[in-house]
$ cat protein.cif   # mmCIF, C-alpha atoms
data_start
loop_
_atom_site.label_atom_id
_atom_site.label_comp_id
_atom_site.auth_asym_id
_atom_site.auth_seq_id
_atom_site.Cartn_x
_atom_site.Cartn_y
_atom_site.Cartn_z
CA MET Z 313 14.26 24.13 32.94
CA LYS Z 314 11.33 21.75 33.34
CA ILE Z 315 8.41 22.47 31.02
CA ASP Z 316 4.94 22.56 32.57
CA TRP Z 317 3.10 20.97 29.66
CA ASP Z 318 -0.30 21.28 31.37
CA ARG Z 319 -0.21 25.04 31.97
CA ARG Z 320 1.52 25.63 28.65
CA THR Z 321 -1.36 23.92 26.84
CA CYS Z 322 -4.03 25.64 28.93
CA ALA Z 323 -2.46 29.03 28.16
CA ARG Z 324 -2.70 28.22 24.45
CA LYS Z 325 -6.01 26.35 24.24
CA GLY Z 326 -7.85 27.34 27.41
CA HIS Z 327 -8.88 25.41 30.52
CA VAL Z 328 -11.20 22.40 30.64
CA THR Z 329 -13.62 22.23 33.58
CA TYR Z 330 -16.25 19.61 34.49
CA ALA Z 331 -18.87 19.32 37.23
CA PRO Z 332 -19.33 15.68 38.27
CA ASP Z 333 -22.70 14.53 39.68
CA GLU Z 334 -21.00 12.78 42.62
CA ASP Z 335 -21.21 15.19 45.57
CA GLY Z 336 -17.89 14.31 47.22
CA LEU Z 337 -15.91 14.66 44.01
CA ARG Z 338 -17.89 17.73 42.98
CA ALA Z 339 -16.96 19.47 46.24
CA ARG Z 340 -13.25 18.85 45.64
CA LEU Z 341 -13.43 20.35 42.17
CA HIS Z 342 -15.50 23.43 43.08
CA ALA Z 343 -14.72 26.52 45.15
CA GLU Z 344 -16.63 29.71 46.01
CA THR Z 345 -14.74 32.99 45.73
CA ALA Z 346 -15.60 36.67 46.14
CA LEU Z 347 -15.95 36.83 42.36
CA GLY Z 348 -18.21 33.78 42.11
CA GLY Z 349 -17.89 30.04 41.64
CA ALA Z 350 -14.69 28.47 40.30
CA TRP Z 351 -14.02 25.01 38.96
CA ARG Z 352 -10.78 23.11 38.88
CA CYS Z 353 -9.26 22.58 35.41
CA LEU Z 354 -8.99 18.91 34.53
CA ARG Z 355 -5.68 19.56 32.76
CA CYS Z 356 -3.57 21.91 34.90
CA GLY Z 357 -5.45 21.74 38.23
CA ASP Z 358 -5.95 25.52 38.57
CA PHE Z 359 -9.33 26.88 39.64
CA VAL Z 360 -11.13 28.81 36.90
CA LEU Z 361 -13.94 31.32 37.42
CA GLY Z 362 -17.22 30.72 35.63
CA GLU Z 363 -19.55 27.88 34.79
CA PRO Z 364 -18.05 24.43 34.04
CA HIS Z 365 -17.69 23.39 30.43
CA GLY Z 366 -19.56 20.17 31.10
CA SER Z 367 -21.31 18.11 33.76
CA GLY Z 368 -22.50 14.58 34.42
CA PRO Z 369 -21.22 11.34 35.97
CA ALA Z 370 -17.50 11.26 36.76
CA ASP Z 371 -16.89 8.39 34.35
CA HIS Z 372 -18.31 10.55 31.53
CA ALA Z 373 -15.78 13.32 32.11
CA PRO Z 374 -13.64 14.17 29.06
CA LEU Z 375 -10.29 12.42 28.93
CA VAL Z 376 -7.99 15.43 28.86
CA PRO Z 377 -4.35 14.85 27.80
CA ARG Z 378 -2.01 15.84 30.63
CA GLY Z 379 1.69 15.80 31.51
CA LYS Z 380 3.56 13.03 29.70
CA VAL Z 381 0.74 12.64 27.16
CA LEU Z 382 1.09 16.30 26.14
CA ARG Z 383 4.86 15.93 25.86
CA ASP Z 384 4.42 12.89 23.65
CA LEU Z 385 1.91 14.80 21.51
CA PHE Z 386 4.42 17.65 21.07
CA ILE Z 387 7.09 15.20 19.89
CA LEU Z 388 4.65 13.48 17.52
CA ARG Z 389 3.72 16.82 15.98
CA PHE Z 390 7.38 17.71 15.54
CA LEU Z 391 7.82 14.43 13.65
CA ALA Z 392 4.63 15.20 11.68
CA ILE Z 393 6.06 18.52 10.52
CA GLU Z 394 9.33 16.84 9.54
CA ARG Z 395 7.37 14.22 7.55
CA ALA Z 396 5.24 16.88 5.87
CA VAL Z 397 8.28 18.93 4.81
CA ARG Z 398 10.01 15.82 3.49
CA GLY Z 399 6.85 14.72 1.65
CA VAL Z 400 6.45 18.09 -0.10
CA PHE Z 401 10.14 18.07 -1.08
CA ILE Z 402 9.84 14.57 -2.56
CA VAL Z 403 6.77 15.64 -4.53
CA LEU Z 404 8.79 18.50 -6.04
CA VAL Z 405 11.62 16.11 -6.91
CA ALA Z 406 9.16 13.69 -8.52
CA LEU Z 407 7.67 16.50 -10.61
CA ALA Z 408 11.17 17.58 -11.66
CA VAL Z 409 12.05 14.01 -12.72
CA TRP Z 410 8.78 13.68 -14.66
CA LYS Z 411 9.31 17.01 -16.41
CA PHE Z 412 12.92 16.07 -17.21
CA SER Z 413 11.78 12.75 -18.68
CA ASN Z 414 9.53 14.60 -21.13
CA SER Z 415 12.23 17.05 -22.28
CA GLN Z 416 15.37 14.98 -21.82
CA ASP Z 417 16.98 15.85 -25.18
CA SER Z 418 16.48 19.60 -24.85
CA VAL Z 419 17.83 19.57 -21.30
CA ARG Z 420 20.87 17.62 -22.47
CA ARG Z 421 21.60 20.12 -25.23
CA LEU Z 422 21.21 23.03 -22.82
CA PHE Z 423 23.51 21.33 -20.30
CA ASP Z 424 26.18 20.70 -22.94
CA GLU Z 425 26.01 24.34 -24.07
CA TYR Z 426 26.51 25.62 -20.53
CA LEU Z 427 29.27 23.05 -19.98
CA ASP Z 428 31.14 24.41 -22.99
CA VAL Z 429 30.78 27.95 -21.63
CA PHE Z 430 31.96 27.14 -18.10
CA ARG Z 431 34.69 24.65 -18.99
CA PRO Z 432 37.37 27.34 -19.65
CA VAL Z 433 36.36 29.24 -16.51
CA PHE Z 434 36.76 26.22 -14.26
CA LYS Z 435 39.93 25.22 -16.07
CA HIS Z 436 41.40 28.59 -15.09
CA PHE Z 437 40.90 27.55 -11.44
CA HIS Z 438 42.47 24.13 -12.17
CA TYR Z 439 39.17 22.25 -11.96
CA ASP Z 440 38.41 19.73 -14.72
CA LEU Z 441 34.65 19.63 -15.32
CA ASP Z 442 34.99 16.65 -17.64
CA HIS Z 443 36.18 14.51 -14.71
CA SER Z 444 33.84 16.00 -12.10
CA PRO Z 445 31.73 13.40 -10.19
CA VAL Z 446 28.74 15.77 -10.20
CA VAL Z 447 28.94 16.36 -13.95
CA GLY Z 448 29.42 12.62 -14.50
CA THR Z 449 26.29 11.80 -12.48
CA ILE Z 450 24.21 14.33 -14.43
CA GLN Z 451 25.48 12.96 -17.75
CA LYS Z 452 24.54 9.42 -16.68
CA THR Z 453 20.93 10.49 -16.10
CA PHE Z 454 20.73 11.58 -19.73
CA GLY Z 455 21.20 7.95 -20.70
CA TYR Z 456 18.17 6.73 -18.75
CA LYS Z 457 15.10 5.70 -20.74
CA HIS Z 458 11.91 7.75 -20.59
CA SER Z 459 10.05 4.78 -19.07
CA THR Z 460 12.69 4.40 -16.35
CA LEU Z 461 12.48 8.06 -15.36
CA THR Z 462 8.67 7.89 -15.34
CA LEU Z 463 8.80 4.87 -13.03
CA VAL Z 464 11.20 6.74 -10.72
CA ALA Z 465 8.78 9.69 -10.64
CA VAL Z 466 5.85 7.40 -9.76
CA LEU Z 467 7.81 5.66 -6.99
CA LEU Z 468 8.83 9.03 -5.57
CA LEU Z 469 5.19 10.15 -5.54
CA VAL Z 470 4.17 6.96 -3.70
CA TYR Z 471 6.91 7.55 -1.15
CA ALA Z 472 5.81 11.18 -0.77
CA LEU Z 473 2.20 10.06 -0.24
CA ILE Z 474 3.29 7.72 2.57
CA GLU Z 475 5.20 10.58 4.21
CA LEU Z 476 2.22 12.94 3.97
CA VAL Z 477 -0.21 10.32 5.32
CA GLU Z 478 2.19 9.74 8.23
CA ALA Z 479 2.31 13.50 8.85
CA VAL Z 480 -1.47 13.85 9.07
CA GLY Z 481 -1.88 10.77 11.27
CA LEU Z 482 0.95 11.75 13.63
CA TRP Z 483 -0.42 15.30 13.97
CA TYR Z 484 -3.71 13.88 15.27
CA ALA Z 485 -1.91 11.18 17.30
CA LYS Z 486 -3.61 8.29 15.48
CA ARG Z 487 -2.34 4.90 16.56
CA TRP Z 488 -2.42 3.51 12.99
CA ALA Z 489 -0.10 6.37 11.96
CA GLU Z 490 2.34 5.44 14.71
CA TYR Z 491 2.45 1.86 13.41
CA LEU Z 492 2.82 3.11 9.82
CA THR Z 493 5.65 5.47 10.81
CA VAL Z 494 7.59 2.77 12.67
CA VAL Z 495 7.19 0.17 9.88
CA ALA Z 496 7.87 2.56 6.98
CA THR Z 497 10.80 4.29 8.68
CA ALA Z 498 12.40 1.02 9.78
CA ALA Z 499 12.02 -0.38 6.25
CA PHE Z 500 14.15 2.44 4.81
CA LEU Z 501 16.89 2.28 7.47
CA PRO Z 502 18.99 -0.35 5.58
CA LEU Z 503 18.91 1.88 2.48
CA GLU Z 504 20.03 4.91 4.50
CA ILE Z 505 22.88 2.88 6.01
CA TYR Z 506 23.89 1.68 2.55
CA GLU Z 507 23.94 5.28 1.27
CA LEU Z 508 26.32 6.18 4.10
CA THR Z 509 28.71 3.47 2.94
CA GLU Z 510 28.69 5.08 -0.51
CA HIS Z 511 29.05 8.70 0.61
CA VAL Z 512 29.14 10.16 4.12
CA SER Z 513 27.53 13.54 4.82
CA TYR Z 514 26.33 15.31 7.97
CA LEU Z 515 22.79 15.49 6.55
CA LYS Z 516 22.65 11.74 5.93
CA ILE Z 517 24.01 11.00 9.41
CA ALA Z 518 21.51 13.39 11.03
CA THR Z 519 18.62 11.88 9.06
CA LEU Z 520 19.64 8.32 10.01
CA VAL Z 521 19.97 9.19 13.71
CA LEU Z 522 16.63 11.04 13.72
CA ASN Z 523 14.84 8.10 12.08
CA ILE Z 524 16.36 5.55 14.47
CA LEU Z 525 15.37 7.66 17.48
CA ALA Z 526 11.87 8.15 16.03
CA VAL Z 527 11.38 4.39 15.60
CA LEU Z 528 12.61 3.59 19.12
CA TYR Z 529 10.69 6.43 20.78
CA ILE Z 530 7.33 5.78 19.11
CA ALA Z 531 7.53 2.00 19.54
CA LEU Z 532 8.43 2.23 23.24
CA ALA Z 533 6.48 5.33 24.31
CA LYS Z 534 3.29 4.22 22.53
CA ARG Z 535 3.76 0.57 23.52
CA LEU Z 536 3.42 -0.69 19.95
CA PHE Z 537 3.72 -4.36 18.92
CA GLY Z 538 2.98 -5.45 22.49
CA LEU Z 539 5.99 -3.65 23.97
CA ARG Z 540 5.74 -2.60 27.64
CA GLY Z 541 2.27 -4.12 28.04
CA GLY Z 542 0.89 -3.17 24.63
CA ARG Z 543 -2.38 -1.36 23.91
CA LYS Z 544 -4.02 -2.29 27.22
CA ALA Z 545 -1.20 -0.76 29.27
CA PHE Z 546 -1.19 2.32 27.03
CA ASP Z 547 -4.94 2.93 27.52
CA GLU Z 548 -4.65 2.42 31.28
CA GLU Z 549 -1.79 4.92 31.42
CA ARG Z 550 -3.84 7.54 29.56
CA GLU Z 551 -6.91 7.02 31.73
CA SER Z 552 -4.87 7.30 34.94
CA ALA Z 553 -3.67 10.73 33.76
CA SER Z 554 -7.19 12.21 34.13
CA LEU Z 555 -7.54 14.53 37.11
CA MET Z 556 -10.82 12.78 37.92
CA GLU Z 557 -8.86 9.58 38.46
CA VAL Z 558 -6.33 11.49 40.58
CA GLU Z 559 -9.09 12.91 42.79
CA GLU Z 560 -10.74 9.53 43.26
CA SER Z 561 -7.42 7.90 44.13
CA ALA Z 562 -6.91 10.60 46.76
CA GLY Z 563 -9.61 8.96 48.89
CA VAL Z 564 -12.91 10.37 47.65
CA PRO Z 565 -15.10 7.59 46.20
CA ALA Z 566 -16.87 8.60 43.02
CA GLY Z 567 -20.21 7.64 44.52
CA ALA Z 568 -19.74 9.50 47.83
CA ALA Z 569 -22.85 11.33 49.04
#

$ encode --input "protein.cif" --output "structure tokens"
Amino acid sequence: MKIDWDRRTCARKGHVTYAPDEDGLRARLHAETALGGAWRCLRCGDFVLGEPHGSGPADHAPLVPRGKVLRDLFILRFLAIERAVRGVFIVLVALAVWKFSNSQDSVRRLFDEYLDVFRPVFKHFHYDLDHSPVVGTIQKTFGYKHSTLTLVAVLLLVYALIELVEAVGLWYAKRWAEYLTVVATAAFLPLEIYELTEHVSYLKIATLVLNILAVLYIALAKRLFGLRGGRKAFDEERESASLMEVEESAGVPAGAA
């Protein structure tokens, strides 16, 4: 089912009406009804009862996101939420690594005690904890220096900060955030591919596919790095989405008397 992004947004945020000074264009956007005057919404095109939200020359009308622009904004905000969730998770991991680095010996002793307790239980089910890959990985971390773990925690915090900055910028559809997202995400793709060669999991595959699609979509849809006409073509596309532009292109000059 096709989504009507214009009416969906108007239902959530309200209509946007404008009374242009140009008589011909003003007449096309205004109607008299038994309940009073109504003005055409610049977003969805429906007539709305009441006074317009603004007035002035047609070229001063607010540039209201419509159609494809609203769809793109929805996708960007979905990516922003995904970045925000990932950023918060990485912050928690960084804090856990930092806390572990400051109490490494006590954590090791506690782990060994629990390992001694659970070893007979797992042995009963024919599972050797001493040769478990998970247990082996945990034991390796106990051999890391405090300075190494602190550096890992700092790098994780930096990565988390990048993710959170991306999230905020994408939520508000900032062009610098789109560039940052494409560059940062593309930079980590080789690492994600390398991790798949080490160990394949559905989560890693899903994350890799999502990041590749995000890079391609943002770069092409937002015309970054000069693609599909670059910034100039992107701005022209947005301006042509205004209902004012649609009305003028329908044959009513903006300066008509």

$ atom_distance --input "protein.cif" --atom1 "CA of Val376 (chain Z)" --atom2 "CA of Arg543 (chain Z)"
18.4 Å

$ closest_residue --input "protein.cif" --among "Z:Trp488, Z:Tyr471, Z:Tyr514, Z:Phe412" --to "Phe500 (chain Z)" --atoms "all atoms listed in the file"
Z:Tyr471

$ closest_residue --input "protein.cif" --among "Z:Arg420, Z:Lys411, Z:Arg319, Z:Lys314" --to "Pro377 (chain Z)" --atoms "only C-alpha atoms"
Z:Arg319

$ atom_distance --input "protein.cif" --atom1 "CA of Phe386 (chain Z)" --atom2 "CA of Ile402 (chain Z)"
24.4 Å

$ closest_residue --input "protein.cif" --among "Z:Leu337, Z:Ala331, Z:Ala373, Z:Asp424" --to "Ala350 (chain Z)" --atoms "all atoms listed in the file"
Z:Ala331
